[in-house]
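K.L.:
Next up, upload-v8.txt (compact mmCIF, C-alpha atoms).
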# COMPACT_ATOMS: atom_id res chain seq x y z
CA MET M 28 55.77 -64.11 60.59
CA ASN M 29 58.21 -62.89 57.96
CA LEU M 30 55.30 -61.77 55.77
CA LEU M 31 53.85 -59.70 58.62
CA ILE M 32 57.21 -58.04 59.29
CA ARG M 33 57.61 -57.21 55.60
CA LEU M 34 54.10 -55.76 55.50
CA LEU M 35 54.81 -53.58 58.53
CA LEU M 36 58.11 -52.40 57.04
CA ASN M 37 56.33 -51.51 53.80
CA ALA M 38 53.71 -49.62 55.83
CA LEU M 39 56.51 -47.75 57.59
CA ALA M 40 57.99 -46.83 54.20
CA VAL M 41 54.59 -45.60 52.98
CA PHE M 42 54.13 -43.53 56.14
CA ILE M 43 57.61 -41.99 55.89
CA LEU M 44 57.15 -41.08 52.22
CA ALA M 45 53.69 -39.64 52.86
CA ASN M 46 55.23 -37.30 55.41
CA ILE M 47 58.14 -36.34 53.12
CA LEU M 48 56.36 -35.88 49.78
CA SER M 49 53.88 -33.02 49.63
CA GLY M 50 51.61 -34.66 47.03
CA VAL M 51 51.04 -37.88 48.98
CA THR M 52 48.68 -38.17 51.94
CA VAL M 53 47.84 -41.10 54.17
CA ASP M 54 45.54 -41.20 57.20
CA GLY M 55 47.75 -42.35 60.05
CA TYR M 56 49.47 -45.64 60.79
CA VAL M 57 46.46 -47.82 60.10
CA GLY M 58 46.00 -46.12 56.75
CA ALA M 59 49.64 -46.85 55.89
CA ILE M 60 49.14 -50.52 56.77
CA ILE M 61 46.05 -50.65 54.54
CA VAL M 62 47.98 -48.97 51.70
CA ALA M 63 50.84 -51.46 52.07
CA LEU M 64 48.38 -54.37 52.04
CA VAL M 65 46.49 -53.10 48.99
CA LEU M 66 49.73 -52.35 47.12
CA SER M 67 50.93 -55.88 47.87
CA ILE M 68 47.69 -57.37 46.54
CA LEU M 69 47.73 -55.17 43.43
CA ASN M 70 51.37 -56.06 42.76
CA LEU M 71 50.48 -59.72 43.11
CA LEU M 72 47.37 -59.74 40.92
CA ILE M 73 47.35 -56.77 38.52
CA LYS M 74 51.02 -56.00 37.88
CA PRO M 75 51.88 -59.30 36.11
CA ILE M 76 48.98 -58.78 33.71
CA LEU M 77 50.11 -55.23 32.96
CA VAL M 78 53.70 -56.36 32.45
CA ILE M 79 52.65 -59.01 29.94
CA LEU M 80 50.33 -56.64 28.07
CA THR M 81 52.99 -53.94 27.83
CA LEU M 82 55.93 -56.21 27.10
CA PRO M 83 56.77 -54.59 23.73
CA ALA M 84 56.87 -51.11 25.31
CA THR M 85 58.95 -52.45 28.19
CA ILE M 86 61.46 -54.04 25.82
CA PHE M 87 61.58 -50.94 23.62
CA THR M 88 62.29 -48.68 26.63
CA LEU M 89 64.80 -51.15 28.09
CA GLY M 90 62.64 -51.73 31.17
CA LEU M 91 61.92 -48.11 32.02
CA PHE M 92 58.22 -48.59 31.25
CA LEU M 93 58.04 -50.68 34.42
CA LEU M 94 58.30 -47.39 36.33
CA VAL M 95 55.13 -46.24 34.57
CA ILE M 96 53.40 -49.49 35.53
CA ASN M 97 54.43 -48.96 39.17
CA ALA M 98 53.02 -45.43 39.07
CA LEU M 99 49.76 -46.74 37.60
CA ILE M 100 49.51 -49.27 40.43
CA ILE M 101 50.00 -46.43 42.94
CA LEU M 102 47.25 -44.39 41.23
CA LEU M 103 44.95 -47.41 41.27
CA ALA M 104 45.57 -47.81 45.01
CA ASP M 105 44.75 -44.11 45.37
CA LYS M 106 41.35 -44.72 43.75
CA LEU M 107 40.64 -47.81 45.88
CA ILE M 108 41.61 -46.44 49.31
CA ASP M 109 39.80 -43.46 50.85
CA GLY M 110 42.57 -42.54 53.30
CA PHE M 111 45.31 -42.45 50.66
CA GLY M 112 45.86 -39.71 48.12
CA VAL M 113 48.35 -38.98 45.35
CA SER M 114 48.10 -35.63 43.60
CA SER M 115 49.47 -36.46 40.13
CA PHE M 116 51.09 -39.05 37.91
CA TRP M 117 54.54 -37.56 38.47
CA THR M 118 54.09 -37.68 42.22
CA ALA M 119 53.03 -41.32 41.92
CA LEU M 120 56.13 -42.01 39.81
CA LEU M 121 58.42 -40.38 42.38
CA PHE M 122 56.58 -42.14 45.22
CA SER M 123 56.99 -45.53 43.53
CA VAL M 124 60.72 -45.03 42.95
CA LEU M 125 61.34 -43.85 46.52
CA LEU M 126 59.13 -46.62 47.90
CA SER M 127 61.16 -49.23 46.02
CA ILE M 128 64.39 -47.77 47.39
CA LEU M 129 63.08 -47.74 50.97
CA GLN M 130 61.70 -51.26 50.65
CA SER M 131 65.07 -52.50 49.40
CA LEU M 132 66.83 -50.75 52.26
CA PHE M 133 64.47 -52.23 54.86
CA GLN M 134 64.72 -55.71 53.33
CA SER M 135 68.52 -55.54 53.41
CA LEU M 136 68.39 -54.58 57.08
CA LEU M 137 66.04 -57.49 57.73
CA LYS M 138 68.37 -59.94 55.99
CA ASP M 139 71.36 -58.67 58.01
CA ASP M 140 69.49 -59.37 61.24
CA LYS M 141 69.00 -63.03 60.26
CA LYS M 142 72.74 -63.63 59.85
What would the structure in this file look like if it were written as structure tokens?
P.N.:
Amino acid sequence: MNLLIRLLLNALAVFILANILSGVTVDGYVGAIIVALVLSILNLLIKPILVILTLPATIFTLGLFLLVINALIILLADKLIDGFGVSSFWTALLFSVLLSILQSLFQSLLKDDKK
């Protein structure tokens, strides 16, 4: 149940950011849920491989290269999903940063409800 709630909160974050950022488009609520699901799967399967392969660059940039990896995951999701669009790399970078902030905010609200 907790996984489903987290997925719906991530979909809400995707939908909010798609309405705020001009370079990001998503086709409705169902499209946002699909984007959240695909991003979760990509973060589970592809991101660890990319992190290991780019470990020297990540160490050299003191972890800032992880932002680039997040943007690449967003662009990959853009290519995989028809109802989701990101206009450029920089938009994907901004989207990934804002998505992380919103996800953290929603997760903190979820943890406060449990206490």
K.L.:
Taking all atoms listed in the file into account, which of M:Ile96, M:Leu35, M:Leu121, M:Leu77 comes nearest Val62 of chain M?
P.N.:
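Selected residue with least distance to Val62 of chain M: M:Leu35.
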K.L.:
Would you work out the distance separating atom CA of Tyr56 of chain M from atom CA of Val95 of chain M, expressed in Å to one decimal?
P.N.:
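The value is 26.8 Å.
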K.L.:
Report as a ChimeraX atom specification all protein, DNA and RNA residues lying within 12 Å of Leu94 of chain M, evaluated on only C-alpha atoms, omitting residues in the same chain fewer than 2 positions from it.
P.N.:
/M:74,77-78,81,84-85,88-92,96-101,116-117,119-127
K.L.:
Pick from M:Leu30, M:Ser114, M:Leu93, M:Gln134: nearest to Pro75 of chain M, with only C-alpha atoms counted?
P.N.:
M:Leu93
K.L.:
May I have the protein, DNA and RNA residues with an atom at most 12 Å from (40.5, -48.2, 46.2), counting all atoms listed in the file in the file's coordinates, returned as a ChimeraX atom specification?
P.N.:
/M:61-62,64-66,68-69,100-112
K.L.:
Separation of atom CA of Ser135 of chain M and atom CA of Thr118 of chain M, in Å?
P.N.:
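Answer for the atom CA of Ser135 of chain M to atom CA of Thr118 of chain M separation: 25.5 Å.
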K.L.:
Mind pulling up the distance from atom CA of Phe42 of chain M to atom CA of Ala59 of chain M?
P.N.:
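Calculated distance between atom CA of Ala59 of chain M and atom CA of Phe42 of chain M is 5.6 Å.
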K.L.:
Closest to Ala45 of chain M among M:Lys138, M:Ile128, M:Gly58, M:Leu31, using only C-alpha atoms?
P.N.:
M:Gly58
K.L.:
Put segment 52-99 of chain M into a file with N, CA and C atoms, as a PDB file, in the first residue's frame.
P.N.:
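This went into selection-v5.pdb:
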ATOM      1  N   THR M  52       5.774  18.347 -21.027  1.00  0.00           N
ATOM      2  CA  THR M  52       4.359  18.064 -21.275  1.00  0.00           C
ATOM      3  C   THR M  52       4.039  16.637 -20.854  1.00  0.00           C
ATOM      4  N   VAL M  53       2.845  16.465 -20.324  1.00  0.00           N
ATOM      5  CA  VAL M  53       2.355  15.139 -19.965  1.00  0.00           C
ATOM      6  C   VAL M  53       0.867  15.105 -20.282  1.00  0.00           C
ATOM      7  N   ASP M  54       0.403  13.967 -20.789  1.00  0.00           N
ATOM      8  CA  ASP M  54      -0.995  13.823 -21.190  1.00  0.00           C
ATOM      9  C   ASP M  54      -1.858  13.368 -20.023  1.00  0.00           C
ATOM     10  N   GLY M  55      -2.301  14.298 -19.215  1.00  0.00           N
ATOM     11  CA  GLY M  55      -3.275  14.032 -18.171  1.00  0.00           C
ATOM     12  C   GLY M  55      -2.736  13.268 -16.975  1.00  0.00           C
ATOM     13  N   TYR M  56      -3.676  12.872 -16.115  1.00  0.00           N
ATOM     14  CA  TYR M  56      -3.336  12.189 -14.874  1.00  0.00           C
ATOM     15  C   TYR M  56      -2.787  10.784 -15.123  1.00  0.00           C
ATOM     16  N   VAL M  57      -3.406  10.082 -16.052  1.00  0.00           N
ATOM     17  CA  VAL M  57      -2.941   8.723 -16.354  1.00  0.00           C
ATOM     18  C   VAL M  57      -1.538   8.763 -16.943  1.00  0.00           C
ATOM     19  N   GLY M  58      -1.270   9.749 -17.773  1.00  0.00           N
ATOM     20  CA  GLY M  58       0.074   9.922 -18.314  1.00  0.00           C
ATOM     21  C   GLY M  58       1.094  10.196 -17.224  1.00  0.00           C
ATOM     22  N   ALA M  59       0.712  10.977 -16.220  1.00  0.00           N
ATOM     23  CA  ALA M  59       1.617  11.263 -15.100  1.00  0.00           C
ATOM     24  C   ALA M  59       1.892  10.003 -14.288  1.00  0.00           C
ATOM     25  N   ILE M  60       0.888   9.155 -14.122  1.00  0.00           N
ATOM     26  CA  ILE M  60       1.085   7.894 -13.402  1.00  0.00           C
ATOM     27  C   ILE M  60       2.028   6.988 -14.187  1.00  0.00           C
ATOM     28  N   ILE M  61       1.856   6.945 -15.501  1.00  0.00           N
ATOM     29  CA  ILE M  61       2.740   6.128 -16.337  1.00  0.00           C
ATOM     30  C   ILE M  61       4.168   6.661 -16.279  1.00  0.00           C
ATOM     31  N   VAL M  62       4.331   7.981 -16.320  1.00  0.00           N
ATOM     32  CA  VAL M  62       5.671   8.580 -16.219  1.00  0.00           C
ATOM     33  C   VAL M  62       6.301   8.237 -14.876  1.00  0.00           C
ATOM     34  N   ALA M  63       5.545   8.344 -13.798  1.00  0.00           N
ATOM     35  CA  ALA M  63       6.082   8.019 -12.473  1.00  0.00           C
ATOM     36  C   ALA M  63       6.486   6.553 -12.393  1.00  0.00           C
ATOM     37  N   LEU M  64       5.694   5.677 -12.975  1.00  0.00           N
ATOM     38  CA  LEU M  64       6.006   4.246 -12.970  1.00  0.00           C
ATOM     39  C   LEU M  64       7.264   3.957 -13.793  1.00  0.00           C
ATOM     40  N   VAL M  65       7.354   4.526 -14.983  1.00  0.00           N
ATOM     41  CA  VAL M  65       8.526   4.301 -15.834  1.00  0.00           C
ATOM     42  C   VAL M  65       9.785   4.897 -15.200  1.00  0.00           C
ATOM     43  N   LEU M  66       9.670   6.081 -14.611  1.00  0.00           N
ATOM     44  CA  LEU M  66      10.828   6.675 -13.932  1.00  0.00           C
ATOM     45  C   LEU M  66      11.284   5.807 -12.764  1.00  0.00           C
ATOM     46  N   SER M  67      10.343   5.235 -12.039  1.00  0.00           N
ATOM     47  CA  SER M  67      10.700   4.344 -10.933  1.00  0.00           C
ATOM     48  C   SER M  67      11.437   3.111 -11.436  1.00  0.00           C
ATOM     49  N   ILE M  68      10.963   2.536 -12.531  1.00  0.00           N
ATOM     50  CA  ILE M  68      11.607   1.348 -13.099  1.00  0.00           C
ATOM     51  C   ILE M  68      12.998   1.691 -13.634  1.00  0.00           C
ATOM     52  N   LEU M  69      13.110   2.827 -14.336  1.00  0.00           N
ATOM     53  CA  LEU M  69      14.414   3.235 -14.859  1.00  0.00           C
ATOM     54  C   LEU M  69      15.401   3.533 -13.729  1.00  0.00           C
ATOM     55  N   ASN M  70      14.915   4.164 -12.672  1.00  0.00           N
ATOM     56  CA  ASN M  70      15.793   4.440 -11.525  1.00  0.00           C
ATOM     57  C   ASN M  70      16.219   3.161 -10.818  1.00  0.00           C
ATOM     58  N   LEU M  71      15.382   2.145 -10.883  1.00  0.00           N
ATOM     59  CA  LEU M  71      15.703   0.872 -10.257  1.00  0.00           C
ATOM     60  C   LEU M  71      16.689   0.061 -11.091  1.00  0.00           C
ATOM     61  N   LEU M  72      16.526   0.072 -12.409  1.00  0.00           N
ATOM     62  CA  LEU M  72      17.313  -0.810 -13.266  1.00  0.00           C
ATOM     63  C   LEU M  72      18.508  -0.126 -13.947  1.00  0.00           C
ATOM     64  N   ILE M  73      18.306   1.041 -14.508  1.00  0.00           N
ATOM     65  CA  ILE M  73      19.328   1.686 -15.337  1.00  0.00           C
ATOM     66  C   ILE M  73      20.250   2.594 -14.529  1.00  0.00           C
ATOM     67  N   LYS M  74      19.699   3.325 -13.583  1.00  0.00           N
ATOM     68  CA  LYS M  74      20.502   4.304 -12.846  1.00  0.00           C
ATOM     69  C   LYS M  74      21.698   3.691 -12.110  1.00  0.00           C
ATOM     70  N   PRO M  75      21.563   2.546 -11.429  1.00  0.00           N
ATOM     71  CA  PRO M  75      22.750   1.986 -10.759  1.00  0.00           C
ATOM     72  C   PRO M  75      23.877   1.644 -11.738  1.00  0.00           C
ATOM     73  N   ILE M  76      23.524   1.182 -12.925  1.00  0.00           N
ATOM     74  CA  ILE M  76      24.543   0.867 -13.925  1.00  0.00           C
ATOM     75  C   ILE M  76      25.255   2.145 -14.365  1.00  0.00           C
ATOM     76  N   LEU M  77      24.478   3.195 -14.612  1.00  0.00           N
ATOM     77  CA  LEU M  77      25.078   4.471 -15.018  1.00  0.00           C
ATOM     78  C   LEU M  77      25.957   5.061 -13.919  1.00  0.00           C
ATOM     79  N   VAL M  78      25.530   4.915 -12.678  1.00  0.00           N
ATOM     80  CA  VAL M  78      26.321   5.446 -11.558  1.00  0.00           C
ATOM     81  C   VAL M  78      27.657   4.720 -11.458  1.00  0.00           C
ATOM     82  N   ILE M  79      27.634   3.415 -11.612  1.00  0.00           N
ATOM     83  CA  ILE M  79      28.886   2.648 -11.545  1.00  0.00           C
ATOM     84  C   ILE M  79      29.799   2.990 -12.715  1.00  0.00           C
ATOM     85  N   LEU M  80      29.237   3.098 -13.917  1.00  0.00           N
ATOM     86  CA  LEU M  80      30.053   3.397 -15.092  1.00  0.00           C
ATOM     87  C   LEU M  80      30.658   4.804 -15.054  1.00  0.00           C
ATOM     88  N   THR M  81      29.972   5.727 -14.417  1.00  0.00           N
ATOM     89  CA  THR M  81      30.451   7.111 -14.371  1.00  0.00           C
ATOM     90  C   THR M  81      31.011   7.486 -13.004  1.00  0.00           C
ATOM     91  N   LEU M  82      31.419   6.508 -12.236  1.00  0.00           N
ATOM     92  CA  LEU M  82      31.924   6.773 -10.896  1.00  0.00           C
ATOM     93  C   LEU M  82      33.112   7.739 -10.875  1.00  0.00           C
ATOM     94  N   PRO M  83      34.093   7.620 -11.774  1.00  0.00           N
ATOM     95  CA  PRO M  83      35.188   8.602 -11.747  1.00  0.00           C
ATOM     96  C   PRO M  83      34.715  10.045 -11.983  1.00  0.00           C
ATOM     97  N   ALA M  84      33.787  10.232 -12.921  1.00  0.00           N
ATOM     98  CA  ALA M  84      33.266  11.580 -13.172  1.00  0.00           C
ATOM     99  C   ALA M  84      32.466  12.081 -11.972  1.00  0.00           C
ATOM    100  N   THR M  85      31.745  11.183 -11.332  1.00  0.00           N
ATOM    101  CA  THR M  85      30.961  11.569 -10.156  1.00  0.00           C
ATOM    102  C   THR M  85      31.869  11.972  -9.007  1.00  0.00           C
ATOM    103  N   ILE M  86      32.937  11.234  -8.800  1.00  0.00           N
ATOM    104  CA  ILE M  86      33.891  11.580  -7.737  1.00  0.00           C
ATOM    105  C   ILE M  86      34.594  12.888  -8.059  1.00  0.00           C
ATOM    106  N   PHE M  87      35.002  13.051  -9.315  1.00  0.00           N
ATOM    107  CA  PHE M  87      35.719  14.260  -9.722  1.00  0.00           C
ATOM    108  C   PHE M  87      34.861  15.509  -9.561  1.00  0.00           C
ATOM    109  N   THR M  88      33.547  15.399  -9.822  1.00  0.00           N
ATOM    110  CA  THR M  88      32.648  16.547  -9.707  1.00  0.00           C
ATOM    111  C   THR M  88      31.974  16.626  -8.341  1.00  0.00           C
ATOM    112  N   LEU M  89      32.451  15.821  -7.407  1.00  0.00           N
ATOM    113  CA  LEU M  89      31.919  15.809  -6.039  1.00  0.00           C
ATOM    114  C   LEU M  89      30.410  15.503  -6.012  1.00  0.00           C
ATOM    115  N   GLY M  90      29.983  14.613  -6.882  1.00  0.00           N
ATOM    116  CA  GLY M  90      28.601  14.159  -6.888  1.00  0.00           C
ATOM    117  C   GLY M  90      27.668  14.929  -7.791  1.00  0.00           C
ATOM    118  N   LEU M  91      28.122  16.031  -8.359  1.00  0.00           N
ATOM    119  CA  LEU M  91      27.240  16.826  -9.210  1.00  0.00           C
ATOM    120  C   LEU M  91      26.897  16.125 -10.518  1.00  0.00           C
ATOM    121  N   PHE M  92      27.713  15.167 -10.936  1.00  0.00           N
ATOM    122  CA  PHE M  92      27.414  14.433 -12.167  1.00  0.00           C
ATOM    123  C   PHE M  92      26.163  13.574 -12.010  1.00  0.00           C
ATOM    124  N   LEU M  93      25.755  13.298 -10.787  1.00  0.00           N
ATOM    125  CA  LEU M  93      24.507  12.563 -10.561  1.00  0.00           C
ATOM    126  C   LEU M  93      23.299  13.334 -11.085  1.00  0.00           C
ATOM    127  N   LEU M  94      23.394  14.670 -11.103  1.00  0.00           N
ATOM    128  CA  LEU M  94      22.323  15.476 -11.688  1.00  0.00           C
ATOM    129  C   LEU M  94      22.213  15.218 -13.183  1.00  0.00           C
ATOM    130  N   VAL M  95      23.356  15.049 -13.839  1.00  0.00           N
ATOM    131  CA  VAL M  95      23.368  14.740 -15.270  1.00  0.00           C
ATOM    132  C   VAL M  95      22.747  13.365 -15.512  1.00  0.00           C
ATOM    133  N   ILE M  96      23.069  12.414 -14.656  1.00  0.00           N
ATOM    134  CA  ILE M  96      22.489  11.071 -14.787  1.00  0.00           C
ATOM    135  C   ILE M  96      20.974  11.131 -14.622  1.00  0.00           C
ATOM    136  N   ASN M  97      20.497  11.918 -13.662  1.00  0.00           N
ATOM    137  CA  ASN M  97      19.049  12.069 -13.472  1.00  0.00           C
ATOM    138  C   ASN M  97      18.398  12.679 -14.713  1.00  0.00           C
ATOM    139  N   ALA M  98      19.048  13.676 -15.308  1.00  0.00           N
ATOM    140  CA  ALA M  98      18.506  14.293 -16.516  1.00  0.00           C
ATOM    141  C   ALA M  98      18.489  13.293 -17.670  1.00  0.00           C
ATOM    142  N   LEU M  99      19.505  12.451 -17.767  1.00  0.00           N
ATOM    143  CA  LEU M  99      19.525  11.429 -18.817  1.00  0.00           C
ATOM    144  C   LEU M  99      18.404  10.409 -18.628  1.00  0.00           C
TER     145      LEU M  99
END
